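One structure is given here, and the rest of the page talks about it.
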Amino acid sequence: FFYPADFTFVCPTELVGVAKKYEELKKLDAEVLAISTDSHFVHMMWQQHELSRMVEGGLPFPMLYDAGGRIGRDYNVYDKKSGMDIRGTFLIDPDGILQASEIFATNVGRSAEELHRRLQAFKFSRDNGGVIPCDWHPGDEILAPGEELVGKVYENWHSKE
């Protein structure tokens with residue numbers, strides 16, 4: 001979970017949103033890492049002076065220091081001009097394979113609820129097979145790919161209206 005900088009305006013809302021979903025994310029076997037180019041000293045001050053006032057005890061997951069944007073470059077989220085990582089979310093499965101990535105401009109925050117839903121979908125598909133249709137939530141129907149489904153999704157999937 002890359003973000004531009006500590007003590008900014010959208011970043012704390014995103015990180016607190018993820019912190020509030022953290023226990024649910026852990027139940028899906030997810031590990032959350034918050035990454036910015038700020039040092040661990042700045043992270044510590046931000047935790048003490050702001051984040052701990054927004055979520056009891058501060059963030060429950062590690063905040064990593066991306067010195068010089070080395071990690072951000074690997075994920076294509078480092079902005080050389082600003083010297084910071086931009087907003088990027090990456091879902092990597094237990095085999096180390098990238099399953100989803102999102103990169104956002106700095107002016108719009110991400111949805112912790114959508115992150116949670118997306119993790120549920122990837123985990124369900126990994127554990128049970130099938131493909132997950134648009135706007136799926138646990139308990140909704142999935143699709144079984146195969147020749148019998150070609151050209152007949154309309155018969156097998158009932159979208160929420």
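We label chains A, B, ... in the order they appear in the structure tokens, count residues from 1 in each chain, and number ligands from 1 in the order shown.
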Mind checking which residues fall within 12 Å of Gly57 in chain A, counting only C-alpha atoms, ignoring those fewer than 3 positions away in the same chain, and posting them as a compact mmCIF listing (two decimals) with N, CA, C and O atoms, in the first residue's frame?
# COMPACT_ATOMS: atom_id res chain seq x y z
N VAL A 16 -6.04 4.93 7.85
CA VAL A 16 -6.97 4.65 8.95
C VAL A 16 -8.10 3.75 8.44
O VAL A 16 -8.54 2.83 9.14
N ALA A 19 -6.67 0.40 8.43
CA ALA A 19 -6.49 -0.04 9.82
C ALA A 19 -7.81 -0.54 10.41
O ALA A 19 -7.83 -1.53 11.14
N LYS A 20 -8.90 0.13 10.08
CA LYS A 20 -10.21 -0.29 10.59
C LYS A 20 -10.65 -1.62 9.99
O LYS A 20 -11.44 -2.33 10.59
N GLN A 47 2.59 8.59 13.69
CA GLN A 47 1.81 7.65 14.52
C GLN A 47 1.45 8.30 15.85
O GLN A 47 0.30 8.26 16.27
N GLN A 48 2.44 8.89 16.51
CA GLN A 48 2.23 9.46 17.84
C GLN A 48 1.34 10.70 17.83
O GLN A 48 0.51 10.87 18.71
N HIS A 49 1.49 11.55 16.83
CA HIS A 49 0.81 12.85 16.86
C HIS A 49 -0.51 12.90 16.10
O HIS A 49 -1.29 13.82 16.35
N GLU A 50 -0.75 11.97 15.19
CA GLU A 50 -2.01 12.04 14.45
C GLU A 50 -2.71 10.69 14.34
O GLU A 50 -3.87 10.57 14.73
N LEU A 51 -2.05 9.69 13.82
CA LEU A 51 -2.72 8.43 13.53
C LEU A 51 -3.29 7.77 14.78
O LEU A 51 -4.39 7.21 14.74
N SER A 52 -2.56 7.83 15.89
CA SER A 52 -3.06 7.22 17.12
C SER A 52 -4.29 7.93 17.66
O SER A 52 -5.02 7.37 18.48
N ARG A 53 -4.56 9.12 17.18
CA ARG A 53 -5.79 9.83 17.56
C ARG A 53 -6.96 9.44 16.65
O ARG A 53 -8.10 9.72 16.97
N MET A 54 -6.63 8.84 15.52
CA MET A 54 -7.66 8.45 14.55
C MET A 54 -8.03 6.97 14.66
O MET A 54 -9.14 6.59 14.33
N PRO A 60 -2.00 -0.74 12.91
CA PRO A 60 -1.61 -2.06 13.39
C PRO A 60 -0.70 -2.83 12.42
O PRO A 60 -0.43 -4.00 12.63
N PHE A 61 -0.26 -2.17 11.37
CA PHE A 61 0.60 -2.83 10.39
C PHE A 61 1.86 -1.99 10.18
O PHE A 61 1.88 -0.80 10.50
| request: Find the residues around Ser39 in chain A up to 6 Å (only C-alpha atoms counted), leave out those fewer than 2 positions away in its own chain, and share them as a list in words. | output: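 So the residues in contact are Phe41, Val42 and Tyr65 of chain A.
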Give me the residues near Arg118 in chain A as a JSON list (two decimals) with N, CA, C and O atoms, in the first residue's frame, where near means some atom within 10 Å (using only C-alpha atoms) and where sequence neighbours in that chain fewer than 3 positions away do not count.
[["chain", "number", "residue", "atom", "x", "y", "z"],
["A", 91, "LEU", "N", -1.92, -6.33, -4.92],
["A", 91, "LEU", "CA", -2.33, -7.57, -4.28],
["A", 91, "LEU", "C", -1.48, -8.69, -4.85],
["A", 91, "LEU", "O", -1.54, -8.97, -6.05],
["A", 100, "ALA", "N", -3.47, -8.08, -8.70],
["A", 100, "ALA", "CA", -4.15, -6.81, -9.01],
["A", 100, "ALA", "C", -3.23, -5.67, -8.64],
["A", 100, "ALA", "O", -2.43, -5.77, -7.70],
["A", 112, "ALA", "N", -11.05, 1.38, 1.35],
["A", 112, "ALA", "CA", -10.69, 0.21, 2.14],
["A", 112, "ALA", "C", -11.76, -0.87, 1.99],
["A", 112, "ALA", "O", -11.44, -2.07, 1.99],
["A", 113, "GLU", "N", -13.00, -0.46, 1.83],
["A", 113, "GLU", "CA", -14.10, -1.41, 1.63],
["A", 113, "GLU", "C", -13.90, -2.18, 0.32],
["A", 113, "GLU", "O", -14.06, -3.39, 0.27],
["A", 114, "GLU", "N", -13.53, -1.48, -0.75],
["A", 114, "GLU", "CA", -13.30, -2.15, -2.03],
["A", 114, "GLU", "C", -12.06, -3.04, -1.97],
["A", 114, "GLU", "O", -12.05, -4.13, -2.54],
["A", 115, "LEU", "N", -11.03, -2.62, -1.26],
["A", 115, "LEU", "CA", -9.85, -3.46, -1.07],
["A", 115, "LEU", "C", -10.25, -4.77, -0.39],
["A", 115, "LEU", "O", -9.86, -5.86, -0.82],
["A", 121, "ALA", "N", -12.76, -11.71, -2.99],
["A", 121, "ALA", "CA", -12.98, -12.31, -4.30],
["A", 121, "ALA", "C", -11.78, -13.13, -4.75],
["A", 121, "ALA", "O", -11.93, -14.28, -5.21],
["A", 122, "PHE", "N", -10.58, -12.57, -4.64],
["A", 122, "PHE", "CA", -9.38, -13.31, -5.05],
["A", 122, "PHE", "C", -9.19, -14.57, -4.21],
["A", 122, "PHE", "O", -8.86, -15.63, -4.74],
["A", 123, "LYS", "N", -9.39, -14.45, -2.91],
["A", 123, "LYS", "CA", -9.24, -15.62, -2.03],
["A", 123, "LYS", "C", -10.29, -16.68, -2.36],
["A", 123, "LYS", "O", -9.97, -17.87, -2.45],
["A", 124, "PHE", "N", -11.54, -16.26, -2.56],
["A", 124, "PHE", "CA", -12.59, -17.21, -2.88],
["A", 124, "PHE", "C", -12.27, -17.95, -4.17],
["A", 124, "PHE", "O", -12.38, -19.18, -4.25],
["A", 132, "ILE", "N", -15.02, -14.76, -10.78],
["A", 132, "ILE", "CA", -15.83, -13.87, -9.95],
["A", 132, "ILE", "C", -16.37, -12.74, -10.82],
["A", 132, "ILE", "O", -15.60, -11.96, -11.36],
["A", 135, "ASP", "N", -18.88, -6.80, -9.17],
["A", 135, "ASP", "CA", -19.60, -6.43, -7.94],
["A", 135, "ASP", "C", -19.94, -7.61, -7.04],
["A", 135, "ASP", "O", -20.84, -7.53, -6.22],
["A", 136, "TRP", "N", -19.22, -8.72, -7.18],
["A", 136, "TRP", "CA", -19.44, -9.91, -6.35],
["A", 136, "TRP", "C", -19.16, -9.60, -4.89],
["A", 136, "TRP", "O", -18.26, -8.83, -4.55],
["A", 137, "HIS", "N", -19.95, -10.23, -4.03],
["A", 137, "HIS", "CA", -19.72, -10.23, -2.58],
["A", 137, "HIS", "C", -19.89, -11.67, -2.10],
["A", 137, "HIS", "O", -20.59, -12.46, -2.75]]
| said: Quick check for you: according to DSSP on this backbone, which residues of chain A are classed as alpha helix (DSSP H)? Reply as a PyMOL selection string. | reply: chain A and resi 11-27+40-46+52-54+70-74+112-128+153-156
| task | Please indicate the distance in Å from CA of Val10 in chain A to CA of His40 in chain A, rounded to one decimal place. | result |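 If I compute the distance from CA of Val10 in chain A to CA of His40 in chain A, I get 19.6 Å.
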Would you mind listing what lies within 10 Å of Asp66 in chain A as a PDB file with all heavy atoms, in the first residue's frame, with only C-alpha atoms counted and same-chain residues fewer than 2 positions away left out?
ATOM      1  N   PHE A   2       1.275   1.723  -1.177  1.00  0.00           N
ATOM      2  CA  PHE A   2       2.153   2.889  -1.297  1.00  0.00           C
ATOM      3  C   PHE A   2       1.327   4.163  -1.108  1.00  0.00           C
ATOM      4  O   PHE A   2       0.184   4.242  -1.560  1.00  0.00           O
ATOM      5  CB  PHE A   2       2.807   2.938  -2.679  1.00  0.00           C
ATOM      6  CG  PHE A   2       3.851   1.885  -2.905  1.00  0.00           C
ATOM      7  CD1 PHE A   2       3.505   0.647  -3.419  1.00  0.00           C
ATOM      8  CD2 PHE A   2       5.187   2.139  -2.622  1.00  0.00           C
ATOM      9  CE1 PHE A   2       4.464  -0.326  -3.649  1.00  0.00           C
ATOM     10  CE2 PHE A   2       6.156   1.178  -2.847  1.00  0.00           C
ATOM     11  CZ  PHE A   2       5.786  -0.059  -3.354  1.00  0.00           C
ATOM     12  N   ALA A  34       2.432  -0.580   4.649  1.00  0.00           N
ATOM     13  CA  ALA A  34       2.290   0.803   4.190  1.00  0.00           C
ATOM     14  C   ALA A  34       3.689   1.303   3.850  1.00  0.00           C
ATOM     15  O   ALA A  34       4.620   1.163   4.647  1.00  0.00           O
ATOM     16  CB  ALA A  34       1.669   1.656   5.284  1.00  0.00           C
ATOM     17  N   ILE A  35       3.837   1.892   2.658  1.00  0.00           N
ATOM     18  CA  ILE A  35       5.177   2.262   2.183  1.00  0.00           C
ATOM     19  C   ILE A  35       5.176   3.693   1.662  1.00  0.00           C
ATOM     20  O   ILE A  35       4.348   4.054   0.831  1.00  0.00           O
ATOM     21  CB  ILE A  35       5.636   1.318   1.053  1.00  0.00           C
ATOM     22  CG1 ILE A  35       5.548  -0.144   1.501  1.00  0.00           C
ATOM     23  CG2 ILE A  35       7.037   1.675   0.591  1.00  0.00           C
ATOM     24  CD1 ILE A  35       5.761  -1.144   0.376  1.00  0.00           C
ATOM     25  N   SER A  36       6.112   4.494   2.173  1.00  0.00           N
ATOM     26  CA  SER A  36       6.337   5.839   1.637  1.00  0.00           C
ATOM     27  C   SER A  36       7.829   6.149   1.717  1.00  0.00           C
ATOM     28  O   SER A  36       8.599   5.407   2.327  1.00  0.00           O
ATOM     29  CB  SER A  36       5.531   6.888   2.403  1.00  0.00           C
ATOM     30  OG  SER A  36       6.187   7.271   3.585  1.00  0.00           O
ATOM     31  N   THR A  37       8.203   7.266   1.140  1.00  0.00           N
ATOM     32  CA  THR A  37       9.607   7.658   1.167  1.00  0.00           C
ATOM     33  C   THR A  37       9.987   8.385   2.454  1.00  0.00           C
ATOM     34  O   THR A  37      11.138   8.783   2.621  1.00  0.00           O
ATOM     35  CB  THR A  37       9.950   8.547  -0.048  1.00  0.00           C
ATOM     36  OG1 THR A  37       9.038   9.641  -0.091  1.00  0.00           O
ATOM     37  CG2 THR A  37       9.870   7.753  -1.347  1.00  0.00           C
ATOM     38  N   ASP A  38       9.037   8.544   3.359  1.00  0.00           N
ATOM     39  CA  ASP A  38       9.361   9.148   4.660  1.00  0.00           C
ATOM     40  C   ASP A  38      10.132   8.157   5.524  1.00  0.00           C
ATOM     41  O   ASP A  38       9.896   6.946   5.456  1.00  0.00           O
ATOM     42  CB  ASP A  38       8.081   9.561   5.393  1.00  0.00           C
ATOM     43  CG  ASP A  38       7.428  10.770   4.763  1.00  0.00           C
ATOM     44  OD1 ASP A  38       8.154  11.720   4.405  1.00  0.00           O
ATOM     45  OD2 ASP A  38       6.195  10.769   4.624  1.00  0.00           O
ATOM     46  N   SER A  39      11.003   8.679   6.361  1.00  0.00           N
ATOM     47  CA  SER A  39      11.836   7.825   7.214  1.00  0.00           C
ATOM     48  C   SER A  39      11.007   7.217   8.348  1.00  0.00           C
ATOM     49  O   SER A  39       9.914   7.684   8.663  1.00  0.00           O
ATOM     50  CB  SER A  39      12.989   8.627   7.810  1.00  0.00           C
ATOM     51  OG  SER A  39      12.512   9.467   8.848  1.00  0.00           O
ATOM     52  N   HIS A  40      11.585   6.216   8.971  1.00  0.00           N
ATOM     53  CA  HIS A  40      10.916   5.589  10.109  1.00  0.00           C
ATOM     54  C   HIS A  40      10.743   6.584  11.265  1.00  0.00           C
ATOM     55  O   HIS A  40       9.824   6.451  12.055  1.00  0.00           O
ATOM     56  CB  HIS A  40      11.657   4.321  10.549  1.00  0.00           C
ATOM     57  CG  HIS A  40      13.083   4.523  10.927  1.00  0.00           C
ATOM     58  ND1 HIS A  40      14.070   4.720   9.993  1.00  0.00           N
ATOM     59  CD2 HIS A  40      13.685   4.576  12.132  1.00  0.00           C
ATOM     60  CE1 HIS A  40      15.226   4.867  10.611  1.00  0.00           C
ATOM     61  NE2 HIS A  40      15.025   4.789  11.905  1.00  0.00           N
ATOM     62  N   MET A  63       4.836   0.316   8.794  1.00  0.00           N
ATOM     63  CA  MET A  63       5.046   1.426   7.876  1.00  0.00           C
ATOM     64  C   MET A  63       6.510   1.353   7.464  1.00  0.00           C
ATOM     65  O   MET A  63       7.403   1.448   8.305  1.00  0.00           O
ATOM     66  CB  MET A  63       4.742   2.752   8.568  1.00  0.00           C
ATOM     67  CG  MET A  63       3.298   2.886   9.011  1.00  0.00           C
ATOM     68  SD  MET A  63       3.015   4.373   9.994  1.00  0.00           S
ATOM     69  CE  MET A  63       3.079   5.621   8.715  1.00  0.00           C
ATOM     70  N   LEU A  64       6.761   1.171   6.180  1.00  0.00           N
ATOM     71  CA  LEU A  64       8.116   0.978   5.693  1.00  0.00           C
ATOM     72  C   LEU A  64       8.686   2.253   5.086  1.00  0.00           C
ATOM     73  O   LEU A  64       7.963   3.051   4.489  1.00  0.00           O
ATOM     74  CB  LEU A  64       8.141  -0.139   4.648  1.00  0.00           C
ATOM     75  CG  LEU A  64       7.561  -1.485   5.077  1.00  0.00           C
ATOM     76  CD1 LEU A  64       7.673  -2.490   3.952  1.00  0.00           C
ATOM     77  CD2 LEU A  64       8.241  -2.000   6.333  1.00  0.00           C
ATOM     78  N   GLY A  68      14.843   6.720  -0.983  1.00  0.00           N
ATOM     79  CA  GLY A  68      15.152   7.068  -2.364  1.00  0.00           C
ATOM     80  C   GLY A  68      14.216   6.455  -3.392  1.00  0.00           C
ATOM     81  O   GLY A  68      14.505   6.488  -4.582  1.00  0.00           O
ATOM     82  N   GLY A  69      13.109   5.876  -2.948  1.00  0.00           N
ATOM     83  CA  GLY A  69      12.137   5.303  -3.870  1.00  0.00           C
ATOM     84  C   GLY A  69      12.559   4.003  -4.513  1.00  0.00           C
ATOM     85  O   GLY A  69      12.033   3.623  -5.564  1.00  0.00           O
ATOM     86  N   ARG A  70      13.475   3.274  -3.879  1.00  0.00           N
ATOM     87  CA  ARG A  70      13.963   2.019  -4.475  1.00  0.00           C
ATOM     88  C   ARG A  70      12.843   0.995  -4.659  1.00  0.00           C
ATOM     89  O   ARG A  70      12.762   0.347  -5.700  1.00  0.00           O
ATOM     90  CB  ARG A  70      15.092   1.420  -3.639  1.00  0.00           C
ATOM     91  CG  ARG A  70      16.390   2.220  -3.749  1.00  0.00           C
ATOM     92  CD  ARG A  70      17.451   1.646  -2.880  1.00  0.00           C
ATOM     93  NE  ARG A  70      16.979   1.786  -1.491  1.00  0.00           N
ATOM     94  CZ  ARG A  70      17.532   1.240  -0.442  1.00  0.00           C
ATOM     95  NH1 ARG A  70      18.589   0.482  -0.585  1.00  0.00           N
ATOM     96  NH2 ARG A  70      17.052   1.434   0.764  1.00  0.00           N
ATOM     97  N   ILE A  71      11.977   0.842  -3.663  1.00  0.00           N
ATOM     98  CA  ILE A  71      10.867  -0.110  -3.783  1.00  0.00           C
ATOM     99  C   ILE A  71       9.832   0.437  -4.760  1.00  0.00           C
ATOM    100  O   ILE A  71       9.315  -0.285  -5.612  1.00  0.00           O
ATOM    101  CB  ILE A  71      10.221  -0.390  -2.405  1.00  0.00           C
ATOM    102  CG1 ILE A  71      11.257  -0.895  -1.409  1.00  0.00           C
ATOM    103  CG2 ILE A  71       9.088  -1.404  -2.537  1.00  0.00           C
ATOM    104  CD1 ILE A  71      10.772  -0.908   0.035  1.00  0.00           C
ATOM    105  N   GLY A  72       9.535   1.722  -4.638  1.00  0.00           N
ATOM    106  CA  GLY A  72       8.575   2.360  -5.525  1.00  0.00           C
ATOM    107  C   GLY A  72       8.938   2.232  -6.991  1.00  0.00           C
ATOM    108  O   GLY A  72       8.065   2.068  -7.844  1.00  0.00           O
ATOM    109  N   ARG A  73      10.222   2.299  -7.292  1.00  0.00           N
ATOM    110  CA  ARG A  73      10.661   2.123  -8.690  1.00  0.00           C
ATOM    111  C   ARG A  73      10.303   0.724  -9.190  1.00  0.00           C
ATOM    112  O   ARG A  73       9.873   0.545 -10.328  1.00  0.00           O
ATOM    113  CB  ARG A  73      12.164   2.354  -8.811  1.00  0.00           C
ATOM    114  CG  ARG A  73      12.559   3.804  -8.833  1.00  0.00           C
ATOM    115  CD  ARG A  73      14.081   3.946  -9.066  1.00  0.00           C
ATOM    116  NE  ARG A  73      14.481   5.330  -9.029  1.00  0.00           N
ATOM    117  CZ  ARG A  73      14.834   5.985  -7.914  1.00  0.00           C
ATOM    118  NH1 ARG A  73      14.843   5.369  -6.751  1.00  0.00           N
ATOM    119  NH2 ARG A  73      15.193   7.249  -7.973  1.00  0.00           N
ATOM    120  N   TYR A  78       7.141   5.316  -8.159  1.00  0.00           N
ATOM    121  CA  TYR A  78       8.025   6.387  -7.700  1.00  0.00           C
ATOM    122  C   TYR A  78       7.988   7.533  -8.703  1.00  0.00           C
ATOM    123  O   TYR A  78       8.175   7.338  -9.904  1.00  0.00           O
ATOM    124  CB  TYR A  78       9.458   5.877  -7.532  1.00  0.00           C
ATOM    125  CG  TYR A  78      10.395   6.944  -7.029  1.00  0.00           C
ATOM    126  CD1 TYR A  78      10.315   7.387  -5.718  1.00  0.00           C
ATOM    127  CD2 TYR A  78      11.331   7.521  -7.868  1.00  0.00           C
ATOM    128  CE1 TYR A  78      11.154   8.378  -5.250  1.00  0.00           C
ATOM    129  CE2 TYR A  78      12.188   8.511  -7.410  1.00  0.00           C
ATOM    130  CZ  TYR A  78      12.090   8.931  -6.098  1.00  0.00           C
ATOM    131  OH  TYR A  78      12.919   9.914  -5.646  1.00  0.00           O
ATOM    132  N   MET A  84       8.775  11.256  -4.370  1.00  0.00           N
ATOM    133  CA  MET A  84       7.887  10.474  -3.507  1.00  0.00           C
ATOM    134  C   MET A  84       7.238   9.348  -4.302  1.00  0.00           C
ATOM    135  O   MET A  84       7.144   9.402  -5.523  1.00  0.00           O
ATOM    136  CB  MET A  84       6.768  11.366  -2.941  1.00  0.00           C
ATOM    137  CG  MET A  84       7.247  12.459  -2.023  1.00  0.00           C
ATOM    138  SD  MET A  84       5.898  13.373  -1.228  1.00  0.00           S
ATOM    139  CE  MET A  84       5.091  14.142  -2.610  1.00  0.00           C
ATOM    140  N   ASP A  85       6.750   8.354  -3.558  1.00  0.00           N
ATOM    141  CA  ASP A  85       5.914   7.315  -4.149  1.00  0.00           C
ATOM    142  C   ASP A  85       4.503   7.890  -4.285  1.00  0.00           C
ATOM    143  O   ASP A  85       4.066   8.681  -3.446  1.00  0.00           O
ATOM    144  CB  ASP A  85       5.861   6.079  -3.243  1.00  0.00           C
ATOM    145  CG  ASP A  85       7.207   5.383  -3.114  1.00  0.00           C
ATOM    146  OD1 ASP A  85       7.985   5.409  -4.086  1.00  0.00           O
ATOM    147  OD2 ASP A  85       7.475   4.810  -2.043  1.00  0.00           O
TER     148      ASP A  85
END
| Which neighbours of Glu14 in chain A fall inside 9 Å, counting only C-alpha atoms, when residues of the same chain fewer than 6 positions from it are skipped, and could you give them as JSON, numbers by chain? | {"A": [3, 109, 110, 111, 112]}
| For Ala5 in chain A, which residue among A:Arg87, A:Asp95, A:Gly58, A:Pro138 is the nearest when counting only C-alpha atoms? |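 Looking only at the distances to Ala5 in chain A, the closest residue turns out to be A:Arg87.
Of the residues listed (A:Arg117, A:Met45, A:Tyr22, A:Phe104), A:Phe104 shows the shortest atom-to-atom separation from Gly88 in chain A; distances use only C-alpha atoms.
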| said: With only C-alpha atoms as the counted atoms, please give the residues lying no more than 12 Å from Cys134 in chain A, apart from itself and same-chain residues fewer than 5 positions off, as a list in words. | reply: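 Listing them by chain and then by number gives Arg117, Arg118, Ala121, Asp140, Glu141, Ile142, Leu143, Trp157, His158, Ser159 and Lys160 of chain A.
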| query | Could you name the residues that touch Thr89 in chain A at 6 Å or less, counting only C-alpha atoms, but leaving out those on the same chain fewer than 6 positions away, as a list in words? | reply |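 Contacts, in chain order: Phe1, Ser101 and Glu102 of chain A.
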